[in-house]
Amino acid sequence: MTSGLFNIATSALNTAQRALDTTGHNIANVNTEGYSRQRAEVATRPAQFSGGGYIGKGVQGTTIRRMYDEFIQTQLRNTTSTSRYYDTLYGSLSRVDNLVADPSAGLAPALQGFFSAVQGVANDPTSSANRTVLLAEAESLVDRFNFLHQRFQDQQFIVDGQIGDSVQEINSITDALARLNAQIVSAQGRGQPPNDLLDKRDQLILELSGYVDVTTVEQDDGAMNVFIGRGQGVVLGNRATPLNAVPSTPGMPLEIRLGTGDKAVDITRQMTGGQLGGLLEVRNNVLAVAHNELGRVAVGLALAFNDQHRQGYDLLGETDKAFFKVPTPEVLPGKGVSGPNPTVTFDTDPSQWGQLKASDYRLTHEGGEWHLTRVSDGRKLGSYGAGDEIKADGLVITMPASGSAGDSFLIRPTRNASADIAVTIKNPEEIAAAGQPGGVGDNRNALALAQVQTTNFLNGGTTSLEGAYDGLVGRIGTRTRQAEVASLAQERLLADAKAQRESVSGVNLDEEAANLLRYQQAYQASAQIIAITNTLFDTLIGAVRR
């Protein structure tokens, strides 16, 4: 009888000790990121049957339970990814918006200053001072184009650097996850969940979701398979597959590849959400488009102003002179291409300027033909034979004379145009203000040159130079505002998701303090049972001795 009571007391003592240890562990980790509150679960021991009924045998600890809700954790992970995406998008868009809309550093004031100087020459074509001012304003305008080009290049460099850093962080996290999976599988083989290891894994997955969208699948052995973006497996069991951020060809933006060596797969377009998704969105659909649009304005200015300038006469009686250098479209051969490049120029026909697009183009060789695709919308423009000359989107393209299957070229008509534009007129006397030879006071061509500012010849003849640039500023401003609103909304949702997790998994110090007192009293009561058991045992021994 006393042995049964002693065993009951011992079981209660051990159970209270385990509860105290668990409570102390909770209090110690109140500030540990990602820690989930734990609770010692207990159950009665199987009772023993006797003639008078079932006699209890005490208590036993069954497990240490982690207070965790998978649905809430998944919601927190998804909200973290979306919040970081919009936060990154808004931060980057703000820099671009400040660049293009700056009243002093943007293009608009430089364009206005240049055409005001053109109007000054039209007002008095005999004034040497007015002509000198026009050349100075032209150089200032070109400098502004060059400055904006360099700033876009700088932003591109910054974003690519951040993409590379994000990939390194992702690799560091996935490598740690693979090691944790191995530890968890080993620990769960002992029959109980390794709560602290599971918390560490969940925290790492949460950190990973800050860089990219994450989905997980738990295996029967306790390992967690991790997929990013649109389902790219980066952790399978205890094995992690690294990402690499490398340019497809020198000078090109970074691509994200899964794996290494010849087996590496380009997954750039599959990366969504998080910081990495935001950076890719900014680079591919904001910076690249804005850079191309800036170049399109430079090309449009050079083509239209030159066309009109060639029709006039300067003070030397000469005509057919270009005022600006027309930028040359850029052609980048793909990896392994050894054949001739296509020839690409801008169509000088004014009726075609409205077709100019702020887009890149992909030329590929398949089935013995060259296939031209507009990158911005993925539209295939046609298939052509070797040496064919075609006109499309304001471009004149002569296909390579030969090619091998898989050969490809990236055509970037306007990307570097804002860097290539230059003033070719160096002498004020060469400004063609007159409409007929020898017309020193003739301002007819100067008036026509001034009208280039307001003439709608872009976007199918519906937009002027300033209108095109203002449209760019407006679109970026709108996207910036949308990203700001979305960022603030997601920030609130993230705070709610964190609060929801804390309500389930967080450590409440007041509650834990109450538990300490409760388990302390249980421990003391259990010790008192042992003391009573000893007294009873001593009494029994004494009776037997007599």
# chains A, B, ... in the order shown; residues from 1 in each chain; ligands from 1
call {"tool": "select_by_dssp", "arguments": {"residues": "region 220-465 of chain A", "states": "strand (DSSP E or B)", "output": "PyMOL selection string"}}
result
chain A and resi 224-228+232-236+239-240+243-247+254-258+265-266+313+319+324-325+330-333+343-346+361-366+369-374+379-384+389-392+395-398+408-412+422-423+434+458+463
call {"tool": "residues_around", "arguments": {"residues": "Val226 (chain A)", "least_positions_apart": "3", "cutoff": "8 Å", "atoms": "only C-alpha atoms", "output": "ChimeraX atom specification"}}
result
/A:214-217,233-236
call {"tool": "write_last_selection", "arguments": {"atoms": "C-alpha atoms", "output": "compact mmCIF listing (two decimals), in the first residue's frame"}}
result
# COMPACT_ATOMS: atom_id res chain seq x y z
CA VAL A 214 7.45 29.92 -50.27
CA THR A 215 5.38 26.74 -50.16
CA THR A 216 6.18 23.70 -48.05
CA VAL A 217 5.32 20.00 -47.99
CA GLY A 233 12.33 22.96 -55.25
CA VAL A 234 15.28 24.28 -53.25
CA VAL A 235 15.14 21.95 -50.23
CA LEU A 236 14.22 18.29 -50.58
call {"tool": "residues_around", "arguments": {"residues": "Tyr519 (chain A)", "least_positions_apart": "6", "cutoff": "8 Å", "atoms": "only C-alpha atoms", "output": "compact mmCIF listing (two decimals) with all heavy atoms, in the first residue's frame"}}
result
# COMPACT_ATOMS: atom_id res chain seq x y z
N ALA A 16 5.29 17.46 -11.97
CA ALA A 16 5.37 18.87 -11.58
C ALA A 16 6.73 19.45 -11.95
O ALA A 16 6.83 20.62 -12.38
CB ALA A 16 5.12 19.00 -10.09
N GLN A 17 7.78 18.64 -11.78
CA GLN A 17 9.12 19.10 -12.16
C GLN A 17 9.20 19.38 -13.65
O GLN A 17 9.77 20.39 -14.08
CB GLN A 17 10.15 18.04 -11.76
CG GLN A 17 11.59 18.42 -12.10
CD GLN A 17 12.06 19.61 -11.31
OE1 GLN A 17 12.08 19.57 -10.07
NE2 GLN A 17 12.42 20.69 -11.99
N ALA A 19 6.72 20.18 -15.63
CA ALA A 19 5.92 21.39 -15.90
C ALA A 19 6.69 22.64 -15.52
O ALA A 19 6.65 23.67 -16.23
CB ALA A 19 4.60 21.32 -15.16
N LEU A 20 7.41 22.58 -14.37
CA LEU A 20 8.23 23.73 -13.96
C LEU A 20 9.35 23.99 -14.96
O LEU A 20 9.65 25.14 -15.30
CB LEU A 20 8.80 23.49 -12.56
CG LEU A 20 7.83 23.67 -11.39
CD1 LEU A 20 8.45 23.13 -10.11
CD2 LEU A 20 7.45 25.13 -11.23
call {"tool": "residues_around", "arguments": {"residues": "Ala108 (chain A)", "least_positions_apart": "4", "cutoff": "8 Å", "atoms": "only C-alpha atoms", "output": "number ranges by chain"}}
result
A: 103, 112, 466, 469-470
call {"tool": "closest_atom_pairs", "arguments": {"of": "region 267-364 of chain A", "to": "region 239-243 of chain A", "cutoff": "12 Å", "atoms": "only C-alpha atoms", "output": "tab-separated table"}}
result
residue	atom	partner	partner_atom	distance
A:Ile267	CA	A:Leu243	CA	9.3
A:Thr268	CA	A:Leu243	CA	10.4
A:Met271	CA	A:Leu243	CA	11.3
call {"tool": "closest_atom_pairs", "arguments": {"of": "region 152-208 of chain A", "to": "region 65-69 of chain A", "cutoff": "12 Å", "atoms": "only C-alpha atoms", "output": "Markdown table"}}
result
| residue | atom | partner | partner_atom | distance |
| --- | --- | --- | --- | --- |
| A:Gln192 | CA | A:Arg65 | CA | 9.6 |
| A:Pro193 | CA | A:Arg65 | CA | 8.2 |
| A:Pro194 | CA | A:Arg66 | CA | 9.3 |
| A:Asn195 | CA | A:Arg66 | CA | 6.2 |
| A:Asp196 | CA | A:Arg66 | CA | 8.8 |
| A:Leu197 | CA | A:Arg66 | CA | 11.1 |
| A:Leu198 | CA | A:Arg66 | CA | 9.1 |
| A:Asp199 | CA | A:Arg66 | CA | 8.9 |
| A:Asp202 | CA | A:Tyr68 | CA | 10.4 |
call {"tool": "write_last_selection", "arguments": {"atoms": "N, CA, C and O atoms", "output": "compact mmCIF listing (two decimals), in the first residue's frame"}}
result
# COMPACT_ATOMS: atom_id res chain seq x y z
N GLN A 192 9.30 11.56 -30.02
CA GLN A 192 8.74 12.82 -29.55
C GLN A 192 9.18 13.96 -30.46
O GLN A 192 10.28 13.92 -31.01
N PRO A 193 8.32 14.98 -30.62
CA PRO A 193 8.67 16.10 -31.52
C PRO A 193 9.75 16.98 -30.91
O PRO A 193 9.65 17.37 -29.75
N PRO A 194 10.79 17.31 -31.67
CA PRO A 194 11.84 18.23 -31.19
C PRO A 194 11.38 19.68 -31.37
O PRO A 194 11.68 20.32 -32.38
N ASN A 195 10.64 20.19 -30.38
CA ASN A 195 9.95 21.47 -30.54
C ASN A 195 10.87 22.63 -30.91
O ASN A 195 10.55 23.45 -31.76
N ASP A 196 12.01 22.73 -30.23
CA ASP A 196 12.90 23.85 -30.48
C ASP A 196 13.46 23.81 -31.90
O ASP A 196 13.61 24.85 -32.56
N LEU A 197 13.76 22.62 -32.39
CA LEU A 197 14.23 22.49 -33.77
C LEU A 197 13.13 22.85 -34.76
O LEU A 197 13.39 23.49 -35.79
N LEU A 198 11.89 22.46 -34.45
CA LEU A 198 10.77 22.80 -35.33
C LEU A 198 10.56 24.31 -35.37
O LEU A 198 10.26 24.87 -36.42
N ASP A 199 10.73 24.97 -34.21
CA ASP A 199 10.62 26.43 -34.19
C ASP A 199 11.70 27.08 -35.05
O ASP A 199 11.43 28.05 -35.79
N ASP A 202 10.73 26.68 -38.69
CA ASP A 202 9.64 27.59 -39.08
C ASP A 202 10.14 29.02 -39.20
O ASP A 202 9.71 29.77 -40.09
call {"tool": "residues_around", "arguments": {"residues": "Phe6 (chain A)", "least_positions_apart": "4", "cutoff": "12 Å", "atoms": "only C-alpha atoms", "output": "JSON, numbers by chain"}}
result
{"A": [1, 2, 10, 11, 12, 13, 57, 58, 526, 527, 528, 529, 530, 531, 532, 533, 534, 535, 536, 537]}
call {"tool": "atom_distance", "arguments": {"atom1": "CA of Ala433 (chain A)", "atom2": "CA of Ala419 (chain A)"}}
result
26.9 Å
call {"tool": "residues_around", "arguments": {"residues": "Glu491 (chain A)", "least_positions_apart": "4", "cutoff": "10 Å", "atoms": "only C-alpha atoms", "output": "PyMOL selection string"}}
result
chain A and resi 79-80+82-84+86-87+485-487+495-497
call {"tool": "residues_around", "arguments": {"residues": "Pro437 (chain A)", "least_positions_apart": "4", "cutoff": "8 Å", "atoms": "only C-alpha atoms", "output": "list in words"}}
result
Tyr313, Asp314, Gly317 and Glu318 of chain A
call {"tool": "write_last_selection", "arguments": {"atoms": "all heavy atoms", "output": "PDB file, in the first residue's frame"}}
result
ATOM      1  N   TYR A 313      18.306  76.291 -94.346  1.00  0.00           N
ATOM      2  CA  TYR A 313      19.610  76.798 -94.790  1.00  0.00           C
ATOM      3  C   TYR A 313      20.244  77.586 -93.658  1.00  0.00           C
ATOM      4  O   TYR A 313      19.582  78.333 -92.944  1.00  0.00           O
ATOM      5  CB  TYR A 313      19.448  77.698 -96.018  1.00  0.00           C
ATOM      6  CG  TYR A 313      19.011  76.935 -97.250  1.00  0.00           C
ATOM      7  CD1 TYR A 313      17.653  76.685 -97.464  1.00  0.00           C
ATOM      8  CD2 TYR A 313      19.938  76.476 -98.183  1.00  0.00           C
ATOM      9  CE1 TYR A 313      17.223  75.985 -98.591  1.00  0.00           C
ATOM     10  CE2 TYR A 313      19.516  75.776 -99.310  1.00  0.00           C
ATOM     11  CZ  TYR A 313      18.167  75.523 -99.499  1.00  0.00           C
ATOM     12  OH  TYR A 313      17.756  74.826-100.612  1.00  0.00           O
ATOM     13  N   ASP A 314      21.556  77.391 -93.517  1.00  0.00           N
ATOM     14  CA  ASP A 314      22.263  78.127 -92.470  1.00  0.00           C
ATOM     15  C   ASP A 314      22.823  79.432 -93.039  1.00  0.00           C
ATOM     16  O   ASP A 314      22.594  79.776 -94.214  1.00  0.00           O
ATOM     17  CB  ASP A 314      23.361  77.262 -91.851  1.00  0.00           C
ATOM     18  CG  ASP A 314      24.408  76.814 -92.873  1.00  0.00           C
ATOM     19  OD1 ASP A 314      24.526  77.465 -93.934  1.00  0.00           O
ATOM     20  OD2 ASP A 314      25.116  75.819 -92.598  1.00  0.00           O
ATOM     21  N   GLY A 317      24.726  79.380 -96.253  1.00  0.00           N
ATOM     22  CA  GLY A 317      24.013  79.007 -97.467  1.00  0.00           C
ATOM     23  C   GLY A 317      23.961  77.507 -97.683  1.00  0.00           C
ATOM     24  O   GLY A 317      23.584  77.046 -98.768  1.00  0.00           O
ATOM     25  N   GLU A 318      24.321  76.718 -96.690  1.00  0.00           N
ATOM     26  CA  GLU A 318      24.351  75.265 -96.826  1.00  0.00           C
ATOM     27  C   GLU A 318      23.100  74.656 -96.215  1.00  0.00           C
ATOM     28  O   GLU A 318      22.462  75.220 -95.324  1.00  0.00           O
ATOM     29  CB  GLU A 318      25.601  74.698 -96.152  1.00  0.00           C
ATOM     30  CG  GLU A 318      26.902  75.195 -96.776  1.00  0.00           C
ATOM     31  CD  GLU A 318      28.137  74.699 -96.033  1.00  0.00           C
ATOM     32  OE1 GLU A 318      27.963  74.078 -94.952  1.00  0.00           O
ATOM     33  OE2 GLU A 318      29.254  74.936 -96.517  1.00  0.00           O
TER      34      GLU A 318
END
call {"tool": "closest_residue", "arguments": {"among": "A:Gly222, A:Gly164, A:Pro329, A:Gly542", "to": "Asn238 (chain A)", "atoms": "only C-alpha atoms"}}
result
A:Gly222
call {"tool": "closest_residue", "arguments": {"among": "A:Gln119, A:Gln355, A:Thr480, A:Ser338", "to": "Asp97 (chain A)", "atoms": "only C-alpha atoms"}}
result
A:Thr480
call {"tool": "atom_distance", "arguments": {"atom1": "CA of Gly106 (chain A)", "atom2": "CA of Leu148 (chain A)"}}
result
7.6 Å
call {"tool": "closest_residue", "arguments": {"among": "A:Ile205, A:Ile64, A:Leu332, A:Val100", "to": "His149 (chain A)", "atoms": "only C-alpha atoms"}}
result
A:Val100
call {"tool": "atom_distance", "arguments": {"atom1": "CA of Gly278 (chain A)", "atom2": "CA of Asp360 (chain A)"}}
result
21.2 Å
